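See below for final37.txt, which holds compact mmCIF, N, CA, C and O atoms.
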# COMPACT_ATOMS: atom_id res chain seq x y z
N MET O 1 95.70 40.26 36.27
CA MET O 1 95.01 39.06 35.83
C MET O 1 95.35 37.88 36.72
O MET O 1 94.47 37.08 37.02
N ILE O 2 96.61 37.80 37.13
CA ILE O 2 97.01 36.68 37.98
C ILE O 2 96.30 36.76 39.33
O ILE O 2 95.85 35.76 39.88
N ARG O 3 96.18 37.95 39.87
CA ARG O 3 95.57 38.14 41.20
C ARG O 3 94.15 37.61 41.24
O ARG O 3 93.70 37.06 42.24
N LYS O 4 93.42 37.75 40.16
CA LYS O 4 92.03 37.29 40.11
C LYS O 4 91.94 35.79 40.36
O LYS O 4 91.03 35.32 41.03
N PHE O 5 92.89 35.02 39.84
CA PHE O 5 92.83 33.57 39.95
C PHE O 5 93.68 32.99 41.07
O PHE O 5 93.48 31.85 41.47
N SER O 6 94.64 33.75 41.57
CA SER O 6 95.51 33.20 42.62
C SER O 6 94.97 33.46 44.02
O SER O 6 95.43 32.87 44.98
N GLY O 7 93.99 34.36 44.13
CA GLY O 7 93.41 34.66 45.44
C GLY O 7 94.31 35.59 46.23
O GLY O 7 95.21 36.21 45.69
N GLY O 8 94.05 35.70 47.52
CA GLY O 8 94.88 36.55 48.34
C GLY O 8 94.14 37.13 49.51
O GLY O 8 93.02 36.74 49.82
N TYR O 9 94.78 38.09 50.13
CA TYR O 9 94.24 38.73 51.32
C TYR O 9 93.12 39.68 50.94
O TYR O 9 93.23 40.42 49.96
N HIS O 10 92.05 39.67 51.69
CA HIS O 10 90.94 40.60 51.49
C HIS O 10 90.69 41.35 52.79
O HIS O 10 90.69 40.76 53.86
N THR O 11 90.48 42.64 52.68
CA THR O 11 90.23 43.46 53.86
C THR O 11 88.77 43.35 54.27
O THR O 11 87.94 42.81 53.54
N LYS O 12 88.47 43.92 55.42
CA LYS O 12 87.11 43.85 55.95
C LYS O 12 86.15 44.83 55.27
O LYS O 12 84.97 44.58 55.20
N ASN O 13 86.70 45.95 54.77
CA ASN O 13 85.79 46.90 54.12
C ASN O 13 86.42 47.47 52.85
O ASN O 13 87.61 47.33 52.59
N LEU O 14 85.59 48.13 52.04
CA LEU O 14 85.99 48.62 50.73
C LEU O 14 87.11 49.65 50.81
O LEU O 14 88.08 49.58 50.04
N TRP O 15 87.01 50.61 51.73
CA TRP O 15 87.99 51.70 51.74
C TRP O 15 89.40 51.25 52.12
O TRP O 15 90.38 51.71 51.55
N SER O 16 89.49 50.32 53.05
CA SER O 16 90.84 49.83 53.37
C SER O 16 91.41 49.04 52.19
O SER O 16 92.61 49.07 51.94
N CYS O 17 90.56 48.39 51.41
CA CYS O 17 91.00 47.69 50.21
C CYS O 17 91.49 48.69 49.16
O CYS O 17 92.56 48.52 48.58
N VAL O 18 90.70 49.73 48.91
CA VAL O 18 91.05 50.72 47.90
C VAL O 18 92.35 51.44 48.27
O VAL O 18 93.26 51.58 47.45
N ILE O 19 92.45 51.87 49.52
CA ILE O 19 93.64 52.60 49.97
C ILE O 19 94.87 51.68 49.96
O ILE O 19 95.93 52.03 49.45
N GLY O 20 94.73 50.49 50.52
CA GLY O 20 95.85 49.54 50.55
C GLY O 20 96.30 49.14 49.15
O GLY O 20 97.50 49.10 48.86
N SER O 21 95.37 48.84 48.27
CA SER O 21 95.71 48.46 46.90
C SER O 21 96.38 49.61 46.16
O SER O 21 97.35 49.41 45.41
N SER O 22 95.88 50.82 46.36
CA SER O 22 96.47 51.99 45.69
C SER O 22 97.90 52.23 46.16
O SER O 22 98.79 52.49 45.34
N ILE O 23 98.12 52.14 47.45
CA ILE O 23 99.48 52.33 47.98
C ILE O 23 100.41 51.25 47.44
O ILE O 23 101.53 51.53 47.02
N LEU O 24 99.94 50.01 47.43
CA LEU O 24 100.75 48.91 46.93
C LEU O 24 101.08 49.09 45.45
O LEU O 24 102.22 48.90 45.03
N LEU O 25 100.10 49.49 44.65
CA LEU O 25 100.35 49.71 43.22
C LEU O 25 101.32 50.87 43.00
O LEU O 25 102.22 50.78 42.16
N LEU O 26 101.15 51.96 43.73
CA LEU O 26 102.08 53.08 43.60
C LEU O 26 103.50 52.69 43.99
O LEU O 26 104.47 53.09 43.34
N LEU O 27 103.62 51.91 45.05
CA LEU O 27 104.93 51.43 45.48
C LEU O 27 105.57 50.56 44.40
O LEU O 27 106.75 50.71 44.08
N CYS O 28 104.80 49.66 43.80
CA CYS O 28 105.33 48.80 42.74
C CYS O 28 105.74 49.62 41.52
O CYS O 28 106.79 49.37 40.92
N ILE O 29 104.95 50.61 41.14
CA ILE O 29 105.30 51.46 40.01
C ILE O 29 106.58 52.23 40.31
O ILE O 29 107.49 52.30 39.48
N HIS O 30 106.68 52.77 41.51
CA HIS O 30 107.88 53.53 41.90
C HIS O 30 109.11 52.63 41.88
O HIS O 30 110.16 53.01 41.35
N LEU O 31 109.00 51.45 42.46
CA LEU O 31 110.14 50.54 42.50
C LEU O 31 110.55 50.09 41.09
O LEU O 31 111.73 49.96 40.80
N SER O 32 109.56 49.83 40.24
CA SER O 32 109.89 49.37 38.89
C SER O 32 110.62 50.43 38.08
O SER O 32 111.34 50.09 37.14
N MET O 33 110.47 51.68 38.44
CA MET O 33 111.18 52.75 37.74
C MET O 33 112.64 52.85 38.19
O MET O 33 113.47 53.42 37.48
N HIS O 34 112.96 52.29 39.35
CA HIS O 34 114.29 52.46 39.93
C HIS O 34 115.09 51.17 40.07
O HIS O 34 116.24 51.21 40.48
N VAL O 35 114.50 50.05 39.73
CA VAL O 35 115.19 48.78 39.87
C VAL O 35 115.51 48.25 38.47
O VAL O 35 114.63 48.15 37.62
N ALA O 36 116.77 47.94 38.25
CA ALA O 36 117.18 47.40 36.95
C ALA O 36 116.99 45.88 36.96
O ALA O 36 117.27 45.21 37.95
N PHE O 37 116.52 45.36 35.85
CA PHE O 37 116.33 43.92 35.74
C PHE O 37 117.69 43.24 35.56
O PHE O 37 118.54 43.71 34.82
N SER O 38 117.90 42.16 36.26
CA SER O 38 119.13 41.39 36.15
C SER O 38 118.77 39.92 36.34
O SER O 38 117.62 39.58 36.61
N TRP O 39 119.77 39.06 36.23
CA TRP O 39 119.51 37.64 36.45
C TRP O 39 119.09 37.38 37.89
O TRP O 39 118.30 36.48 38.16
N LYS O 40 119.60 38.16 38.83
CA LYS O 40 119.18 38.01 40.23
C LYS O 40 117.69 38.28 40.38
O LYS O 40 116.98 37.55 41.06
N MET O 41 117.24 39.34 39.72
CA MET O 41 115.82 39.68 39.76
C MET O 41 115.00 38.58 39.08
O MET O 41 113.90 38.25 39.52
N GLY O 42 115.55 37.99 38.03
CA GLY O 42 114.88 36.88 37.35
C GLY O 42 114.72 35.67 38.24
O GLY O 42 113.68 35.01 38.24
N VAL O 43 115.76 35.37 39.03
CA VAL O 43 115.69 34.24 39.97
C VAL O 43 114.63 34.51 41.05
O VAL O 43 113.82 33.63 41.37
N ILE O 44 114.62 35.72 41.58
CA ILE O 44 113.63 36.08 42.60
C ILE O 44 112.22 35.99 42.02
O ILE O 44 111.29 35.47 42.66
N THR O 45 112.06 36.45 40.78
CA THR O 45 110.76 36.37 40.12
C THR O 45 110.35 34.92 39.90
O THR O 45 109.19 34.55 40.09
N GLY O 46 111.31 34.08 39.53
CA GLY O 46 111.02 32.66 39.34
C GLY O 46 110.57 31.99 40.63
O GLY O 46 109.61 31.21 40.63
N ILE O 47 111.26 32.29 41.72
CA ILE O 47 110.87 31.74 43.02
C ILE O 47 109.47 32.22 43.41
O ILE O 47 108.65 31.44 43.91
N SER O 48 109.18 33.48 43.14
CA SER O 48 107.84 34.01 43.43
C SER O 48 106.78 33.31 42.60
O SER O 48 105.69 33.00 43.09
N ALA O 49 107.09 33.06 41.33
CA ALA O 49 106.14 32.38 40.45
C ALA O 49 105.86 30.97 40.94
O ALA O 49 104.69 30.53 40.97
N VAL O 50 106.91 30.25 41.34
CA VAL O 50 106.72 28.89 41.84
C VAL O 50 105.87 28.90 43.11
O VAL O 50 104.96 28.08 43.27
N SER O 51 106.13 29.84 44.01
CA SER O 51 105.33 29.90 45.24
C SER O 51 103.87 30.24 44.93
O SER O 51 102.97 29.73 45.59
N LEU O 52 103.63 31.07 43.92
CA LEU O 52 102.25 31.37 43.53
C LEU O 52 101.54 30.12 43.03
O LEU O 52 100.39 29.87 43.39
N VAL O 53 102.22 29.33 42.22
CA VAL O 53 101.61 28.12 41.69
C VAL O 53 101.36 27.11 42.81
O VAL O 53 100.29 26.50 42.88
N VAL O 54 102.32 26.97 43.71
CA VAL O 54 102.19 25.99 44.79
C VAL O 54 101.05 26.36 45.75
O VAL O 54 100.25 25.51 46.14
N PHE O 55 100.96 27.63 46.11
CA PHE O 55 100.02 28.03 47.15
C PHE O 55 98.69 28.57 46.63
O PHE O 55 97.79 28.85 47.41
N SER O 56 98.54 28.74 45.34
CA SER O 56 97.28 29.29 44.83
C SER O 56 96.27 28.18 44.60
O SER O 56 96.64 27.03 44.39
N PRO O 57 95.02 28.49 44.64
CA PRO O 57 94.46 29.77 45.02
C PRO O 57 94.34 29.91 46.53
O PRO O 57 94.04 28.95 47.23
N VAL O 58 94.62 31.10 47.01
CA VAL O 58 94.45 31.40 48.43
C VAL O 58 92.98 31.73 48.63
O VAL O 58 92.44 32.63 47.99
N GLU O 59 92.34 30.97 49.48
CA GLU O 59 90.89 31.14 49.65
C GLU O 59 90.57 32.28 50.59
O GLU O 59 91.34 32.63 51.46
N ASN O 60 89.38 32.80 50.40
CA ASN O 60 88.87 33.89 51.20
C ASN O 60 87.63 33.38 51.95
O ASN O 60 86.85 32.60 51.40
N THR O 61 87.46 33.82 53.18
CA THR O 61 86.29 33.38 53.95
C THR O 61 84.99 33.88 53.32
O THR O 61 83.94 33.26 53.51
N ASN O 62 85.05 34.96 52.56
CA ASN O 62 83.84 35.49 51.92
C ASN O 62 83.45 34.71 50.66
O ASN O 62 82.33 34.83 50.19
N ARG O 63 84.39 33.96 50.10
CA ARG O 63 84.12 33.22 48.86
C ARG O 63 84.86 31.89 48.88
O ARG O 63 86.01 31.80 48.53
N ALA O 64 84.17 30.86 49.33
CA ALA O 64 84.77 29.53 49.39
C ALA O 64 84.78 28.92 47.98
O ALA O 64 83.86 29.15 47.19
N LEU O 65 85.81 28.15 47.69
CA LEU O 65 85.93 27.50 46.38
C LEU O 65 85.72 26.00 46.54
O LEU O 65 86.19 25.40 47.50
N ASP O 66 85.02 25.41 45.56
CA ASP O 66 84.93 23.96 45.59
C ASP O 66 86.16 23.38 44.89
O ASP O 66 86.99 24.11 44.35
N GLU O 67 86.29 22.06 44.89
CA GLU O 67 87.49 21.42 44.38
C GLU O 67 87.71 21.69 42.89
O GLU O 67 88.83 21.93 42.45
N SER O 68 86.67 21.70 42.10
CA SER O 68 86.83 21.95 40.66
C SER O 68 87.27 23.39 40.40
O SER O 68 88.09 23.65 39.51
N GLU O 69 86.75 24.34 41.18
CA GLU O 69 87.19 25.73 41.05
C GLU O 69 88.65 25.88 41.45
O GLU O 69 89.41 26.60 40.79
N ARG O 70 89.06 25.21 42.53
CA ARG O 70 90.46 25.26 42.96
C ARG O 70 91.39 24.77 41.85
O ARG O 70 92.40 25.40 41.55
N ARG O 71 91.05 23.63 41.26
CA ARG O 71 91.88 23.09 40.18
C ARG O 71 91.92 24.05 38.98
O ARG O 71 92.98 24.30 38.41
N ALA O 72 90.76 24.58 38.60
CA ALA O 72 90.70 25.49 37.45
C ALA O 72 91.49 26.77 37.72
O ALA O 72 92.23 27.25 36.85
N TYR O 73 91.38 27.32 38.93
CA TYR O 73 92.10 28.55 39.27
C TYR O 73 93.60 28.30 39.32
O TYR O 73 94.39 29.13 38.89
N LYS O 74 94.00 27.15 39.86
CA LYS O 74 95.43 26.82 39.92
C LYS O 74 95.98 26.68 38.50
O LYS O 74 97.05 27.19 38.19
N ARG O 75 95.25 26.01 37.62
CA ARG O 75 95.68 25.84 36.24
C ARG O 75 95.77 27.18 35.52
O ARG O 75 96.74 27.46 34.82
N THR O 76 94.77 28.03 35.72
CA THR O 76 94.77 29.35 35.09
C THR O 76 95.93 30.20 35.60
O THR O 76 96.61 30.86 34.81
N THR O 77 96.18 30.16 36.90
CA THR O 77 97.33 30.88 37.46
C THR O 77 98.62 30.39 36.84
O THR O 77 99.47 31.19 36.44
N PHE O 78 98.78 29.07 36.72
CA PHE O 78 99.98 28.50 36.12
C PHE O 78 100.15 28.96 34.67
O PHE O 78 101.24 29.38 34.27
N LEU O 79 99.09 28.89 33.90
CA LEU O 79 99.18 29.29 32.48
C LEU O 79 99.50 30.77 32.33
O LEU O 79 100.32 31.15 31.48
N LEU O 80 98.87 31.61 33.13
CA LEU O 80 99.17 33.05 33.07
C LEU O 80 100.62 33.32 33.45
O LEU O 80 101.32 34.10 32.78
N LEU O 81 101.09 32.67 34.51
CA LEU O 81 102.48 32.86 34.94
C LEU O 81 103.46 32.40 33.86
O LEU O 81 104.45 33.08 33.59
N MET O 82 103.18 31.26 33.24
CA MET O 82 104.06 30.78 32.19
C MET O 82 104.07 31.74 30.99
O MET O 82 105.12 32.01 30.41
N GLY O 83 102.91 32.27 30.65
CA GLY O 83 102.83 33.23 29.55
C GLY O 83 103.61 34.50 29.84
O GLY O 83 104.41 34.96 29.01
N PHE O 84 103.42 35.06 31.02
CA PHE O 84 104.14 36.28 31.39
C PHE O 84 105.64 36.03 31.55
O PHE O 84 106.46 36.87 31.19
N THR O 85 106.00 34.86 32.09
CA THR O 85 107.41 34.53 32.24
C THR O 85 108.07 34.36 30.87
O THR O 85 109.18 34.85 30.66
N ALA O 86 107.40 33.69 29.95
CA ALA O 86 107.95 33.53 28.60
C ALA O 86 108.12 34.88 27.92
O ALA O 86 109.15 35.15 27.30
N MET O 87 107.13 35.75 28.08
CA MET O 87 107.22 37.08 27.48
C MET O 87 108.39 37.86 28.08
O MET O 87 109.16 38.50 27.36
N ALA O 88 108.56 37.80 29.38
CA ALA O 88 109.66 38.51 30.04
C ALA O 88 111.01 37.94 29.59
O ALA O 88 111.95 38.70 29.35
N PHE O 89 111.11 36.62 29.47
CA PHE O 89 112.35 36.00 29.04
C PHE O 89 112.71 36.43 27.61
O PHE O 89 113.86 36.77 27.32
N ILE O 90 111.72 36.42 26.73
CA ILE O 90 111.96 36.84 25.35
C ILE O 90 112.40 38.30 25.29
O ILE O 90 113.36 38.65 24.59
N LEU O 91 111.72 39.16 26.04
CA LEU O 91 112.10 40.57 26.07
C LEU O 91 113.52 40.75 26.60
O LEU O 91 114.29 41.55 26.08
N PHE O 92 113.87 39.99 27.63
CA PHE O 92 115.21 40.08 28.20
C PHE O 92 116.26 39.61 27.20
O PHE O 92 117.30 40.25 27.01
N MET O 93 116.01 38.49 26.54
CA MET O 93 116.98 37.94 25.59
C MET O 93 117.14 38.84 24.36
O MET O 93 118.21 38.90 23.78
N GLU O 94 116.09 39.54 23.99
CA GLU O 94 116.15 40.44 22.83
C GLU O 94 116.61 41.85 23.22
O GLU O 94 116.51 42.76 22.41
N LYS O 95 117.07 42.00 24.45
CA LYS O 95 117.57 43.28 24.96
C LYS O 95 116.50 44.37 25.04
O LYS O 95 116.78 45.54 24.91
N TYR O 96 115.25 43.95 25.22
CA TYR O 96 114.17 44.90 25.45
C TYR O 96 113.81 44.93 26.94
O TYR O 96 112.65 45.07 27.30
N ASP O 97 114.80 44.77 27.82
CA ASP O 97 114.52 44.69 29.23
C ASP O 97 114.00 46.00 29.81
O ASP O 97 113.50 46.01 30.93
N ASN O 98 114.04 47.10 29.08
CA ASN O 98 113.43 48.33 29.60
C ASN O 98 111.89 48.22 29.56
O ASN O 98 111.21 49.03 30.16
N TYR O 99 111.34 47.22 28.86
CA TYR O 99 109.89 46.99 28.86
C TYR O 99 109.46 46.09 29.98
O TYR O 99 108.28 45.87 30.18
N LEU O 100 110.40 45.49 30.70
CA LEU O 100 110.06 44.63 31.82
C LEU O 100 109.73 45.51 32.96
O LEU O 100 109.19 45.48 33.85
Mind turning the file's structure into structure tokens?
Amino acid sequence: MIRKFSGGYHTKNLWSCVIGSSILLLLCIHLSMHVAFSWKMGVITGISAVSLVVFSPVENTNRALDESERRAYKRTTFLLLMGFTAMAFILFMEKYDNYL
């Protein structure tokens, strides 16, 4: 959901997008199975969230955004990040960190 509003890199054709996205998702799933959540990971996640808010939305040459869309996308990205961060914090504090 965050990716939709924060923008990002787009490939030149569909197949490189599908293959690249699939590899990236598989890598993230694999890493999430082997990395334990800790306060260090929380700090890294926080820094990533701040950089997403600061730099989003990343525009694409195929879809230019006007100023009102940029503001709306930035606000939506911020709200989604705050919601997911709050949920992760609550899960961590309640010792449900295996759901993170």
Where does DSSP see helix (DSSP H, G or I) in chain O, if you list the residues as a PyMOL selection string?
chain O and resi 2-6+14-34+39-55+67-93+97-99
Please report the interatomic distance between atom N of Gly42 (chain O) and CA of Phe89 (chain O) in Å with one decimal.
9.7 Å
Considering only N, CA, C and O atoms, state which residue in the set O:Thr76, O:Ser38, O:Ser6, O:Thr45 is at the smallest distance from Glu59 (chain O).
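The closest residue to Glu59 (chain O) is O:Ser6.
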Just give me the gap between atom C of Leu27 (chain O) and atom O of Arg70 (chain O) in Å, one decimal is fine.
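Here the two named atoms are 28.5 Å from each other.
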Could you jot down the CA of Gly7 (chain O) to CA of Glu67 (chain O) separation for me, Å, one decimal place?
14.5 Å
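You can rank O:Met87, O:Ala36, O:His10, O:Leu79 by their closest distance to Thr61 (chain O) using only N, CA, C and O atoms, and at the top of that list sits O:His10.
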Could you check which of O:Lys74, O:Lys40, O:Arg3, O:His34 is closest to Val53 (chain O), using only C-alpha atoms?
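Closest to Val53 (chain O) of all the choices is O:Lys74.
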Out of O:Met41, O:Val18, O:Gly46, O:Val54, which residue has the shortest atom-to-atom distance to Phe84 (chain O) when counting only C-alpha atoms?
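Comparing O:Met41, O:Val18, O:Gly46, O:Val54 against Phe84 (chain O), the winner is O:Gly46.
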Among region 1-98 of chain O, which ones does DSSP assign to strand (DSSP E or B) (computed from the backbone)? Answer as a PyMOL selection string.
chain O and resi 7+58+60+63
Produce the centre coordinates and the three edge lengths, each in Å to one decimal, of the box along x, y and z that contains all listed atoms of region 72-86 of chain O with 6 Å added on each side, as JSON.
{"center_x": 99.9, "center_y": 30.7, "center_z": 33.6, "size_x": 30.5, "size_y": 24.3, "size_z": 24.6}
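Among O:Leu25, O:Ala49, O:Ile90, O:Ala64, the residue with the shortest atom-to-atom distance to Phe78 (chain O), counting only N, CA, C and O atoms, is O:Ala49.
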